[in-house]
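Student: work-v9.csv is the file, holding CSV, C-alpha atoms:
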```
chain,number,residue,atom,x,y,z
F,3,MET,CA,77.7,52.1,-69.3
F,4,PRO,CA,74.0,52.8,-69.4
F,5,GLU,CA,74.1,54.1,-72.9
F,6,GLN,CA,75.5,50.8,-74.1
F,7,SER,CA,73.0,48.6,-72.3
F,8,GLN,CA,70.1,50.6,-73.8
F,9,LYS,CA,71.7,50.2,-77.2
F,10,THR,CA,71.8,46.4,-76.9
F,11,SER,CA,68.1,46.0,-76.3
F,12,GLU,CA,67.4,48.5,-79.1
F,13,LEU,CA,69.3,46.3,-81.5
F,14,THR,CA,67.0,43.4,-80.6
F,15,VAL,CA,63.9,45.6,-80.9
F,16,TRP,CA,65.0,46.7,-84.4
F,17,LEU,CA,65.8,43.2,-85.5
F,18,ILE,CA,62.4,41.9,-84.3
F,19,ALA,CA,60.7,44.8,-86.2
F,20,VAL,CA,62.6,43.7,-89.4
F,21,ARG,CA,61.6,40.0,-88.7
F,22,ASP,CA,57.9,40.6,-87.9
F,23,ASN,CA,57.0,43.7,-89.9
F,24,ARG,CA,59.7,43.9,-92.6
F,25,ASP,CA,60.3,47.4,-91.1
F,26,ARG,CA,62.7,49.3,-93.4
F,27,ALA,CA,63.3,52.1,-91.0
F,28,ALA,CA,64.4,49.6,-88.3
F,29,PHE,CA,66.6,47.9,-90.9
F,30,ALA,CA,68.2,51.3,-91.8
F,31,GLN,CA,68.9,51.8,-88.1
F,32,LEU,CA,70.6,48.3,-87.9
F,33,PHE,CA,72.6,49.2,-91.0
F,34,ASP,CA,73.8,52.5,-89.4
F,35,TYR,CA,74.8,50.7,-86.3
F,36,PHE,CA,76.4,47.6,-87.8
F,37,ALA,CA,77.8,48.6,-91.2
F,38,PRO,CA,80.8,50.6,-89.9
F,39,ARG,CA,81.5,48.0,-87.2
F,40,LEU,CA,81.3,45.1,-89.6
F,41,LYS,CA,83.6,46.9,-92.0
F,42,GLY,CA,86.1,47.5,-89.3
F,43,PHE,CA,85.8,43.9,-88.1
F,44,VAL,CA,86.2,42.4,-91.6
F,45,MET,CA,89.2,44.6,-92.4
F,46,ARG,CA,90.9,43.5,-89.2
F,47,SER,CA,91.4,40.1,-90.8
F,48,GLY,CA,93.3,41.7,-93.6
F,49,MET,CA,90.6,42.4,-96.2
F,50,GLY,CA,90.7,45.5,-98.4
F,51,SER,CA,88.1,48.3,-98.1
F,52,ALA,CA,86.3,47.4,-101.3
F,53,GLN,CA,85.9,43.7,-100.6
F,54,ALA,CA,85.0,44.5,-97.0
F,55,GLU,CA,82.1,46.6,-98.2
F,56,GLU,CA,80.9,43.8,-100.5
F,57,ILE,CA,80.8,41.6,-97.4
F,58,VAL,CA,79.0,44.3,-95.4
F,59,GLN,CA,76.4,44.5,-98.1
F,60,ASP,CA,76.0,40.7,-98.3
F,61,VAL,CA,75.8,40.3,-94.6
F,62,MET,CA,73.2,43.0,-94.2
F,63,LEU,CA,71.2,41.6,-97.1
F,64,THR,CA,71.3,38.2,-95.4
F,65,VAL,CA,70.1,39.9,-92.2
F,66,TRP,CA,67.1,41.2,-94.1
F,67,ARG,CA,66.3,37.9,-95.9
F,68,LYS,CA,66.9,35.5,-93.0
F,69,ALA,CA,65.5,37.6,-90.2
F,70,SER,CA,62.7,35.0,-89.7
F,71,MET,CA,65.4,32.8,-88.3
F,72,PHE,CA,66.4,35.2,-85.5
F,73,ASP,CA,65.3,34.1,-82.1
F,74,PRO,CA,66.0,36.7,-79.4
F,75,HIS,CA,65.5,34.0,-76.7
F,76,ARG,CA,68.6,32.2,-78.0
F,77,ALA,CA,70.8,34.8,-79.5
F,78,GLN,CA,71.8,38.5,-79.3
F,79,ALA,CA,71.4,40.5,-82.5
F,80,SER,CA,75.2,41.0,-82.6
F,81,ALA,CA,75.9,37.3,-82.0
F,82,TRP,CA,73.6,36.3,-84.8
F,83,ILE,CA,75.1,38.9,-87.2
F,84,TYR,CA,78.7,37.9,-86.1
F,85,GLN,CA,78.0,34.3,-87.2
F,86,ILE,CA,76.5,35.4,-90.5
F,87,ALA,CA,79.6,37.6,-91.2
F,88,ARG,CA,82.1,34.8,-90.4
F,89,ASN,CA,80.1,32.3,-92.5
F,90,ARG,CA,80.2,34.8,-95.4
F,91,GLN,CA,83.9,35.5,-95.1
F,92,ILE,CA,84.7,31.7,-95.0
F,93,ASP,CA,82.5,31.1,-98.0
F,94,ILE,CA,84.4,33.8,-99.9
F,95,ILE,CA,87.9,33.0,-98.7
F,96,ARG,CA,87.8,29.2,-99.0
F,97,LYS,CA,85.2,29.1,-101.8
F,98,GLU,CA,83.4,26.3,-99.9
F,99,HIS,CA,80.1,26.3,-98.1
F,100,ARG,CA,80.6,26.2,-94.4
F,101,PRO,CA,78.7,23.3,-92.8
F,102,ILE,CA,76.1,24.6,-90.4
F,103,PRO,CA,74.0,22.8,-87.8
F,104,ASP,CA,70.3,21.9,-88.4
F,105,GLU,CA,68.0,24.7,-87.4
F,106,LEU,CA,65.8,24.1,-84.4
F,107,ALA,CA,62.1,24.0,-85.0
F,108,GLN,CA,60.5,27.2,-83.7
F,109,ASP,CA,57.1,27.2,-82.1
F,110,PRO,CA,55.3,29.6,-84.4
F,111,GLY,CA,52.5,30.4,-81.9
F,112,SER,CA,54.8,31.3,-79.0
F,113,GLU,CA,54.8,34.9,-77.7
F,114,PRO,CA,58.1,36.5,-77.0
F,115,ASP,CA,59.1,36.2,-73.3
F,116,ALA,CA,60.3,39.8,-72.6
F,117,SER,CA,61.8,38.9,-69.2
F,118,GLN,CA,63.9,36.1,-70.7
F,119,ILE,CA,65.1,38.3,-73.5
F,120,LEU,CA,66.1,41.0,-71.0
F,121,ALA,CA,67.9,38.5,-68.8
F,122,PHE,CA,69.8,37.2,-71.8
F,123,ASP,CA,70.7,40.8,-72.7
F,124,GLN,CA,71.9,41.5,-69.2
F,125,GLU,CA,74.2,38.4,-69.2
F,126,ALA,CA,75.6,39.5,-72.5
F,127,GLU,CA,76.3,42.9,-71.0
F,128,GLN,CA,78.2,41.3,-68.2
F,129,LEU,CA,80.2,39.4,-70.8
F,130,LYS,CA,81.0,42.7,-72.6
F,131,THR,CA,82.1,44.2,-69.3
F,132,ALA,CA,84.3,41.2,-68.7
F,133,ILE,CA,85.9,41.6,-72.1
F,134,ASP,CA,86.5,45.3,-71.5
F,135,GLN,CA,88.3,44.4,-68.3
F,136,LEU,CA,90.8,42.1,-70.0
F,137,GLY,CA,94.4,43.1,-70.3
F,138,PRO,CA,95.5,44.2,-73.7
F,139,ASP,CA,97.3,40.9,-74.5
F,140,GLN,CA,94.4,38.8,-73.5
F,141,LYS,CA,92.0,41.0,-75.5
F,142,ASP,CA,94.2,40.9,-78.5
F,143,MET,CA,94.3,37.1,-78.3
F,144,ILE,CA,90.6,36.7,-77.9
F,145,GLU,CA,90.0,39.0,-80.9
F,146,LYS,CA,92.4,36.9,-83.0
F,147,ALA,CA,90.6,33.7,-81.9
F,148,TYR,CA,87.1,35.1,-82.9
F,149,LEU,CA,88.3,36.7,-86.1
F,150,GLY,CA,89.5,33.2,-87.2
F,151,ASP,CA,93.2,34.0,-87.0
F,152,LEU,CA,94.0,31.1,-84.7
F,153,THR,CA,93.6,27.4,-85.3
F,154,HIS,CA,92.0,25.3,-82.6
F,155,GLN,CA,95.4,24.0,-81.6
F,156,GLU,CA,96.6,27.6,-81.2
F,157,ILE,CA,93.6,28.4,-79.2
F,158,SER,CA,94.0,25.5,-76.8
F,159,ALA,CA,97.8,26.2,-76.5
F,160,GLN,CA,97.0,29.8,-75.4
F,161,THR,CA,97.0,29.3,-71.6
F,162,GLY,CA,96.5,33.1,-71.3
F,163,LEU,CA,93.3,33.0,-73.3
F,164,PRO,CA,90.5,33.4,-70.8
F,165,LEU,CA,88.0,31.2,-72.8
F,166,GLY,CA,86.8,29.6,-69.6
F,167,THR,CA,86.4,33.0,-67.8
F,168,VAL,CA,84.5,34.4,-70.7
F,169,LYS,CA,82.3,31.4,-70.8
F,170,SER,CA,81.6,31.2,-67.1
F,171,ARG,CA,80.2,34.7,-67.4
F,172,ILE,CA,77.4,33.3,-69.4
F,173,ARG,CA,77.1,30.1,-67.5
F,174,LEU,CA,73.7,30.9,-66.2
F,175,GLY,CA,72.5,31.8,-69.6
F,176,LEU,CA,74.1,28.6,-70.9
F,177,ARG,CA,72.3,26.5,-68.4
F,178,ARG,CA,68.9,28.0,-69.2
F,179,LEU,CA,69.5,27.8,-72.9
F,180,ARG,CA,70.4,24.2,-72.6
F,181,LYS,CA,67.3,23.3,-70.6
F,182,GLU,CA,65.2,25.1,-73.2
F,183,LEU,CA,66.9,23.4,-76.1
F,184,GLU,CA,66.4,20.0,-74.6
F,185,GLY,CA,62.7,20.9,-74.3
F,186,LEU,CA,62.6,21.6,-78.0
F,187,ARG,CA,63.9,18.2,-79.0
N,18,MET,CA,68.8,8.5,-77.4
N,19,SER,CA,70.9,8.1,-74.3
N,20,ALA,CA,72.6,11.2,-72.9
N,21,ILE,CA,75.6,12.5,-74.9
N,22,THR,CA,78.7,12.4,-72.7
N,23,HIS,CA,81.6,13.1,-75.1
N,24,HIS,CA,81.5,16.6,-76.4
N,25,ILE,CA,83.4,19.1,-78.6
N,26,PRO,CA,86.2,20.8,-76.6
N,27,ASP,CA,86.0,24.6,-76.1
N,28,ALA,CA,88.9,25.6,-78.2
N,29,MET,CA,87.6,23.5,-81.1
N,30,MET,CA,84.1,25.1,-80.7
N,31,ALA,CA,85.6,28.6,-80.7
N,32,ALA,CA,87.5,27.7,-83.9
N,33,TYR,CA,84.3,26.4,-85.5
N,34,ALA,CA,82.4,29.6,-84.6
N,35,SER,CA,85.2,31.7,-86.0
N,36,GLY,CA,85.3,29.5,-89.2
N,37,ASN,CA,88.9,28.5,-88.7
N,38,LEU,CA,88.4,24.7,-88.4
N,39,PRO,CA,89.4,22.5,-91.4
N,40,HIS,CA,86.3,21.5,-93.4
N,41,PRO,CA,86.2,17.8,-92.4
N,42,PHE,CA,86.1,18.7,-88.7
N,43,ALA,CA,83.6,21.5,-89.3
N,44,VAL,CA,81.2,18.8,-90.8
N,45,VAL,CA,81.6,16.8,-87.6
N,46,VAL,CA,81.1,19.8,-85.3
N,47,ALA,CA,78.0,21.0,-87.2
N,48,THR,CA,76.6,17.4,-87.0
N,49,HIS,CA,77.3,17.1,-83.3
N,50,VAL,CA,75.7,20.5,-82.6
N,51,SER,CA,72.6,19.3,-84.6
N,52,LEU,CA,72.3,16.4,-82.0
N,53,CYS,CA,73.6,18.0,-78.8
N,54,ALA,CA,71.8,20.7,-76.8
N,55,GLU,CA,74.7,21.3,-74.6
N,56,CYS,CA,77.1,22.0,-77.5
N,57,ARG,CA,74.4,24.1,-79.2
N,58,ALA,CA,74.3,26.3,-76.1
N,59,ALA,CA,78.2,26.4,-76.0
N,60,LEU,CA,78.2,27.5,-79.7
N,61,GLY,CA,75.7,30.2,-78.7
N,62,ALA,CA,78.1,31.3,-76.0
N,63,HIS,CA,81.0,31.6,-78.5
N,64,GLN,CA,78.7,33.5,-80.9
N,65,THR,CA,77.9,35.9,-78.0
N,66,VAL,CA,81.6,36.6,-77.5
N,67,GLY,CA,82.0,37.1,-81.2
N,68,GLY,CA,79.0,39.5,-81.2
N,69,ALA,CA,80.4,41.4,-78.3
N,70,LEU,CA,83.7,41.9,-80.1
N,71,LEU,CA,81.8,43.0,-83.2
N,72,GLU,CA,80.0,45.6,-81.2
N,73,ARG,CA,83.3,46.8,-79.8
N,74,SER,CA,85.0,46.8,-83.2
N,75,ASP,CA,86.6,49.9,-84.6
N,76,HIS,CA,84.2,51.8,-86.9
N,77,VAL,CA,85.3,52.3,-90.5
N,78,SER,CA,83.0,54.5,-92.5
N,79,VAL,CA,81.3,52.9,-95.4
N,80,SER,CA,81.0,54.6,-98.9
N,81,ALA,CA,78.2,57.1,-99.3
N,82,GLY,CA,76.2,54.9,-101.7
N,83,LEU,CA,76.3,51.6,-99.9
N,84,LYS,CA,73.2,52.1,-97.8
N,85,SER,CA,71.0,53.4,-100.6
N,86,ASP,CA,72.2,50.6,-102.9
N,87,LEU,CA,71.4,48.1,-100.3
N,88,MET,CA,68.0,49.6,-99.5
N,89,ALA,CA,67.2,49.4,-103.2
N,90,MET,CA,68.1,45.6,-103.2
N,91,LEU,CA,65.7,44.6,-100.5
N,92,ASP,CA,62.9,43.7,-102.9
N,93,ASP,CA,65.1,41.9,-105.4
N,94,PRO,CA,64.0,38.3,-106.1
N,95,VAL,CA,65.8,35.7,-104.0
N,96,VAL,CA,67.1,32.5,-105.4
N,97,PRO,CA,66.4,30.1,-102.5
N,98,GLU,CA,69.5,28.1,-101.3
N,99,PRO,CA,69.1,24.4,-101.1
N,100,ILE,CA,68.2,23.3,-97.5
N,101,PHE,CA,69.4,19.9,-96.5
N,102,GLU,CA,67.2,18.4,-93.9
N,103,ARG,CA,67.8,15.5,-91.6
N,104,GLN,CA,67.2,12.1,-93.2
N,105,GLY,CA,66.8,9.2,-90.8
N,106,ILE,CA,70.0,9.0,-88.7
N,107,TYR,CA,71.8,11.6,-90.8
N,108,PRO,CA,71.6,15.2,-89.6
N,109,GLY,CA,71.5,18.0,-92.2
N,110,PRO,CA,75.3,18.6,-92.4
N,111,VAL,CA,75.8,14.9,-93.3
N,112,VAL,CA,73.0,15.0,-95.8
N,113,GLU,CA,74.7,18.1,-97.4
N,114,ALA,CA,78.0,16.3,-97.5
N,115,LEU,CA,76.2,13.4,-99.2
N,116,LYS,CA,74.7,16.0,-101.6
N,117,GLY,CA,71.2,14.7,-100.6
N,118,LYS,CA,71.9,11.2,-101.9
N,119,PRO,CA,72.1,7.9,-99.9
N,120,PRO,CA,75.6,6.8,-98.8
N,121,ARG,CA,77.6,4.8,-101.4
N,122,TRP,CA,79.0,2.0,-99.3
N,123,LYS,CA,82.3,0.3,-100.3
N,124,THR,CA,83.3,-2.9,-98.5
N,125,LEU,CA,86.5,-2.9,-96.5
N,126,GLY,CA,86.2,-6.5,-95.5
N,127,MET,CA,84.8,-8.3,-92.4
N,128,GLY,CA,81.5,-6.5,-93.0
N,129,VAL,CA,83.1,-3.1,-92.4
N,130,LYS,CA,82.1,-0.5,-95.0
N,131,GLN,CA,82.9,3.1,-95.7
N,132,SER,CA,81.4,5.9,-97.8
N,133,ILE,CA,83.8,8.7,-98.5
N,134,LEU,CA,82.0,12.1,-98.3
N,135,SER,CA,84.9,14.3,-99.2
N,136,GLU,CA,88.7,13.9,-99.5
N,137,THR,CA,91.1,16.7,-100.2
N,138,GLY,CA,94.7,17.4,-99.3
N,139,GLY,CA,93.4,19.0,-96.1
N,140,GLY,CA,91.8,15.8,-94.9
N,141,SER,CA,88.8,13.6,-95.4
N,142,VAL,CA,85.4,12.9,-93.9
N,143,ARG,CA,83.6,9.6,-94.3
N,144,LEU,CA,80.9,7.4,-93.0
N,145,LEU,CA,81.9,4.1,-91.4
N,146,TYR,CA,79.6,1.1,-91.0
N,147,ILE,CA,80.8,-1.5,-88.4
N,148,PRO,CA,78.7,-4.6,-87.8
N,149,ALA,CA,77.9,-5.4,-84.1
N,150,GLY,CA,80.8,-7.1,-82.4
N,151,GLN,CA,83.2,-6.2,-85.2
N,152,ALA,CA,86.4,-4.3,-84.6
N,153,VAL,CA,87.5,-1.3,-86.7
N,154,PRO,CA,91.0,-2.0,-87.9
N,155,ASP,CA,93.6,-1.2,-85.3
N,156,HIS,CA,95.1,2.1,-86.3
N,157,SER,CA,96.8,5.2,-85.1
N,158,HIS,CA,96.7,8.7,-86.5
N,159,ASN,CA,99.1,11.0,-88.3
N,160,GLY,CA,97.0,13.9,-87.2
N,161,LEU,CA,93.7,14.4,-85.5
N,162,GLU,CA,90.7,12.2,-86.0
N,163,LEU,CA,87.1,13.0,-84.9
N,164,THR,CA,84.7,10.1,-84.8
N,165,LEU,CA,81.0,10.9,-84.2
N,166,VAL,CA,78.5,8.0,-83.6
N,167,LEU,CA,75.3,8.3,-85.5
N,168,GLN,CA,73.8,4.9,-84.8
N,169,GLY,CA,74.7,2.0,-82.4
N,170,SER,CA,77.8,2.4,-80.2
N,171,PHE,CA,81.4,1.4,-79.9
N,172,SER,CA,83.9,0.9,-77.1
N,173,ASP,CA,87.6,1.1,-77.1
N,174,GLU,CA,90.5,1.7,-74.7
N,175,THR,CA,89.2,5.1,-73.8
N,176,GLY,CA,85.5,4.4,-73.1
N,177,ARG,CA,82.1,3.8,-74.6
N,178,TYR,CA,80.7,6.0,-77.3
N,179,SER,CA,77.0,6.0,-78.3
N,180,ALA,CA,74.8,8.0,-80.6
N,181,GLY,CA,75.9,11.7,-80.5
N,182,ASP,CA,79.2,11.1,-78.8
N,183,VAL,CA,82.4,12.3,-80.3
N,184,GLU,CA,85.8,10.6,-79.8
N,185,ILE,CA,88.8,12.8,-80.4
N,186,GLY,CA,91.9,10.9,-81.3
N,187,ASP,CA,95.4,12.4,-81.8
N,188,GLU,CA,98.7,11.0,-82.7
N,189,ASP,CA,99.2,9.4,-79.3
N,190,LEU,CA,96.0,7.4,-79.4
N,191,GLU,CA,96.4,3.9,-80.7
N,192,HIS,CA,93.0,2.3,-80.2
N,193,THR,CA,90.8,-0.6,-81.4
N,194,PRO,CA,87.2,0.5,-81.4
N,195,ILE,CA,84.8,-2.5,-81.3
N,196,ALA,CA,81.1,-2.0,-82.2
N,197,ASP,CA,78.9,-3.0,-79.3
N,198,ALA,CA,76.1,-5.6,-79.5
N,199,GLY,CA,72.8,-4.4,-81.1
N,200,ASP,CA,72.5,-2.2,-84.1
N,201,ALA,CA,75.4,-1.9,-86.5
N,202,CYS,CA,77.5,1.1,-85.5
N,203,ILE,CA,77.5,3.9,-88.1
N,204,CYS,CA,80.0,6.7,-87.5
N,205,LEU,CA,81.0,10.0,-89.1
N,206,ALA,CA,84.8,10.1,-89.1
N,207,ALA,CA,87.0,13.0,-90.1
N,208,THR,CA,90.8,13.3,-90.3
N,209,ASP,CA,93.3,15.9,-91.3
N,210,ALA,CA,95.8,13.2,-92.4
N,211,PRO,CA,95.7,9.7,-93.7
N,212,LEU,CA,95.1,7.0,-91.1
N,213,ARG,CA,97.9,4.5,-90.4
N,214,PHE,CA,96.5,1.0,-90.0
N,215,ASN,CA,98.6,-1.4,-87.9
N,216,ALA,CA,96.9,-4.6,-89.0
N,217,PHE,CA,93.9,-5.8,-91.0
N,218,VAL,CA,94.7,-3.7,-94.0
N,219,PRO,CA,98.4,-3.9,-95.0
N,220,ARG,CA,100.0,-0.5,-95.5
N,221,LEU,CA,100.5,-1.1,-99.2
N,222,LEU,CA,96.8,-1.5,-99.7
N,223,GLN,CA,95.9,1.8,-98.0
N,224,PRO,CA,96.0,3.9,-101.1
N,225,PHE,CA,93.7,1.4,-102.8
N,226,PHE,CA,91.1,1.6,-100.0
N,227,ARG,CA,91.8,5.3,-99.5
N,228,ILE,CA,91.9,5.0,-95.8
```
Show this structure as structure tokens.
Tutor:
Amino acid sequence: MPEQSQKTSELTVWLIAVRDNRDRAAFAQLFDYFAPRLKGFVMRSGMGSAQAEEIVQDVMLTVWRKASMFDPHRAQASAWIYQIARNRQIDIIRKEHRPIPDELAQDPGSEPDASQILAFDQEAEQLKTAIDQLGPDQKDMIEKAYLGDLTHQEISAQTGLPLGTVKSRIRLGLRRLRKELEGLR
Amino acid sequence: MSAITHHIPDAMMAAYASGNLPHPFAVVVATHVSLCAECRAALGAHQTVGGALLERSDHVSVSAGLKSDLMAMLDDPVVPEPIFERQGIYPGPVVEALKGKPPRWKTLGMGVKQSILSETGGGSVRLLYIPAGQAVPDHSHNGLELTLVLQGSFSDETGRYSAGDVEIGDEDLEHTPIADAGDACICLAATDAPLRFNAFVPRLLQPFFRI
């Protein structure tokens, strides 16, 4: 899927433009790409259209305001936005602030490492291909897990859930990420 | 800090990323990730899966005005959210649970102290202070218990746990953790049900101590 892989790096480029240049045109592109997907994603977990749009608006506003925290060496644009969306939904549904880990200190002077960002993108692409190749039951289960419809006991009880397979696809990335994170401590 | 050897299991990390982990356990996972590069990378992997599913999600068109409304909001003044930074041995998520204040220790006897951070019908999360060489009362669990070491270390029937390590206890685990020699052991402990103590604190007194 060449179109898709091009798209992925485009998302990263847009988000970096928002982060570094407060680029409204790039933000508008991100909105066009993510808003309908976010709305579909949020409505999958049973939310109505109006409330889903409120969440879409909140999430995209958070993307604009917290863009300085996006690090393309450590996260894909979609992964970063996924976590913002889930946090927001939990805050609204449970009316409690979801505990989140300490931020890692970023080295302000460091130049982006294009080859590393690209390698990360490619691994994420492989992961998407792996997800596309799942059977319908497995795919359904994995969607339920990441939409927050399954408890951790239910996730561990799902022997058919290819959590390990999915993770092994990004094992290389994980190893590199871990090394890098250890260097930051 | 010695290497962390006891981590968060995959299913629990996936549930944390998706937001479907009871609050007391989410505090422990967020604290462990603050300390553990391996689990931070694992959380990154789960977020990547979530992001992939988001990219693959069905499109549902948004209302015509949503985008222009949002673009008009970009310059609105922002009320900054409070940021809870690490204080000493306590990572940000613990500081947040403490509401930025120091722990309020209550004595449980034999030098053991606790500071309850939150307690609801859905479970509790607390700090435990165990002097070196002292045992935590022998107990088993009605549900699941996560114990994360923040300072010192303890050992029990299942192994040795030092700073950053998480012990996961279920209903089958009946254990007697003993703080190792050296610094007093300070742990973050979360449960989704009240603990059952077999000795040390009689059952009748449990409501009094809230343990």
Student: What's the separation between atom CA of Thr48 of chain N and atom CA of Gly109 of chain N, in Å to one decimal place?
Tutor: 7.3 Å
Student: Between N:Val77, N:Leu60, N:Ile133, N:Cys53, which is the closest to chain F once you count all atoms listed in the file?
Tutor: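 Under the stated criterion, the closest residue is N:Val77.
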Student: Compile the contact shell of Ala31 of chain N as a list in words: residues with an atom at most 8 Å away, counting all atoms listed in the file, same-chain residues fewer than 2 positions apart removed.
Tutor: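 The residues that qualify are Ala147, Tyr148 and His154 of chain F; Asp27, Ala28, Met29, Tyr33, Ala34, Ser35, Leu60 and His63 of chain N.
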Student: Taking only C-alpha atoms into account, which residues of chain F are within 8 Å of chain N, as a short mmCIF file (atom, residue, chain, number, x, y, z; two decimals) with C-alpha atoms, keeping the file's coordinate frame?
Tutor:
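File written: part08.cif
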```
data_model
loop_
_atom_site.label_atom_id
_atom_site.label_comp_id
_atom_site.auth_asym_id
_atom_site.auth_seq_id
_atom_site.Cartn_x
_atom_site.Cartn_y
_atom_site.Cartn_z
CA ALA F 30 68.20 51.30 -91.80
CA PHE F 33 72.60 49.20 -91.00
CA PHE F 36 76.40 47.60 -87.80
CA ALA F 37 77.80 48.60 -91.20
CA PRO F 38 80.80 50.60 -89.90
CA ARG F 39 81.50 48.00 -87.20
CA LEU F 40 81.30 45.10 -89.60
CA LYS F 41 83.60 46.90 -92.00
CA GLY F 42 86.10 47.50 -89.30
CA PHE F 43 85.80 43.90 -88.10
CA GLU F 55 82.10 46.60 -98.20
CA GLN F 59 76.40 44.50 -98.10
CA LEU F 63 71.20 41.60 -97.10
CA TRP F 66 67.10 41.20 -94.10
CA ARG F 76 68.60 32.20 -78.00
CA ALA F 77 70.80 34.80 -79.50
CA GLN F 78 71.80 38.50 -79.30
CA ALA F 79 71.40 40.50 -82.50
CA SER F 80 75.20 41.00 -82.60
CA ALA F 81 75.90 37.30 -82.00
CA TRP F 82 73.60 36.30 -84.80
CA ILE F 83 75.10 38.90 -87.20
CA TYR F 84 78.70 37.90 -86.10
CA GLN F 85 78.00 34.30 -87.20
CA ARG F 88 82.10 34.80 -90.40
CA ASN F 89 80.10 32.30 -92.50
CA ILE F 92 84.70 31.70 -95.00
CA ARG F 100 80.60 26.20 -94.40
CA PRO F 101 78.70 23.30 -92.80
CA ILE F 102 76.10 24.60 -90.40
CA PRO F 103 74.00 22.80 -87.80
CA ASP F 104 70.30 21.90 -88.40
CA GLU F 105 68.00 24.70 -87.40
CA ALA F 126 75.60 39.50 -72.50
CA LEU F 129 80.20 39.40 -70.80
CA LYS F 130 81.00 42.70 -72.60
CA GLU F 145 90.00 39.00 -80.90
CA ALA F 147 90.60 33.70 -81.90
CA TYR F 148 87.10 35.10 -82.90
CA LEU F 149 88.30 36.70 -86.10
CA GLY F 150 89.50 33.20 -87.20
CA ASP F 151 93.20 34.00 -87.00
CA LEU F 152 94.00 31.10 -84.70
CA THR F 153 93.60 27.40 -85.30
CA HIS F 154 92.00 25.30 -82.60
CA GLN F 155 95.40 24.00 -81.60
CA ILE F 157 93.60 28.40 -79.20
CA SER F 158 94.00 25.50 -76.80
CA LEU F 165 88.00 31.20 -72.80
CA VAL F 168 84.50 34.40 -70.70
CA LYS F 169 82.30 31.40 -70.80
CA ILE F 172 77.40 33.30 -69.40
CA LEU F 176 74.10 28.60 -70.90
CA ARG F 177 72.30 26.50 -68.40
CA LEU F 179 69.50 27.80 -72.90
CA ARG F 180 70.40 24.20 -72.60
CA LEU F 183 66.90 23.40 -76.10
CA GLU F 184 66.40 20.00 -74.60
#
```
Student: For Gln31 of chain F, find every residue with an atom within 12 Å (counting all atoms listed in the file), except residues of its own chain fewer than 5 positions away, and show them as an mmCIF file with C-alpha atoms, in the coordinates of the input.
Tutor:
```
data_model
loop_
_atom_site.group_PDB
_atom_site.id
_atom_site.type_symbol
_atom_site.label_atom_id
_atom_site.label_comp_id
_atom_site.auth_asym_id
_atom_site.auth_seq_id
_atom_site.Cartn_x
_atom_site.Cartn_y
_atom_site.Cartn_z
ATOM 1 C CA LYS F 9 71.700 50.200 -77.200
ATOM 2 C CA GLU F 12 67.400 48.500 -79.100
ATOM 3 C CA LEU F 13 69.300 46.300 -81.500
ATOM 4 C CA THR F 14 67.000 43.400 -80.600
ATOM 5 C CA VAL F 15 63.900 45.600 -80.900
ATOM 6 C CA TRP F 16 65.000 46.700 -84.400
ATOM 7 C CA LEU F 17 65.800 43.200 -85.500
ATOM 8 C CA ALA F 19 60.700 44.800 -86.200
ATOM 9 C CA VAL F 20 62.600 43.700 -89.400
ATOM 10 C CA ASP F 25 60.300 47.400 -91.100
ATOM 11 C CA ARG F 26 62.700 49.300 -93.400
ATOM 12 C CA PHE F 36 76.400 47.600 -87.800
ATOM 13 C CA ALA F 37 77.800 48.600 -91.200
ATOM 14 C CA MET F 62 73.200 43.000 -94.200
ATOM 15 C CA LYS N 84 73.200 52.100 -97.800
ATOM 16 C CA MET N 88 68.000 49.600 -99.500
#
```
Student: Could you please determine the separation between atom CA of Leu115 of chain N and atom CA of Leu190 of chain N in Å, to one decimal place?
Tutor: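 Going from atom CA of Leu115 of chain N over to atom CA of Leu190 of chain N covers 28.6 Å.
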Student: If you measure from atom CA of Gln128 of chain F to atom CA of Asp22 of chain F, what distance in Å do you get, rounded to one decimal?
Tutor: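 It comes out at 28.3 Å.
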Student: Name the residues in contact with Asp115 of chain F at a cut-off of 12 Å, using all atoms listed in the file, excluding same-chain residues fewer than 6 positions from it; report them as a compact mmCIF listing (two decimals) with C-alpha atoms, in the frame of the given file.
Tutor:
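Final output, around-v7.txt:
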```txt
# COMPACT_ATOMS: atom_id res chain seq x y z
CA ASP F 73 65.30 34.10 -82.10
CA PRO F 74 66.00 36.70 -79.40
CA HIS F 75 65.50 34.00 -76.70
CA ARG F 76 68.60 32.20 -78.00
CA ALA F 121 67.90 38.50 -68.80
CA PHE F 122 69.80 37.20 -71.80
```
Student: Once 8 Å is added on each side, what centre and edge lengths in Å to one decimal does the axis-aligned box around all listed atoms of segment 66-82 of chain F have, as AutoDock Vina command-line options?
Tutor:
```
--center_x 69.3 --center_y 36.7 --center_z -86.3 --size_x 29.2 --size_y 25.0 --size_z 35.2
```
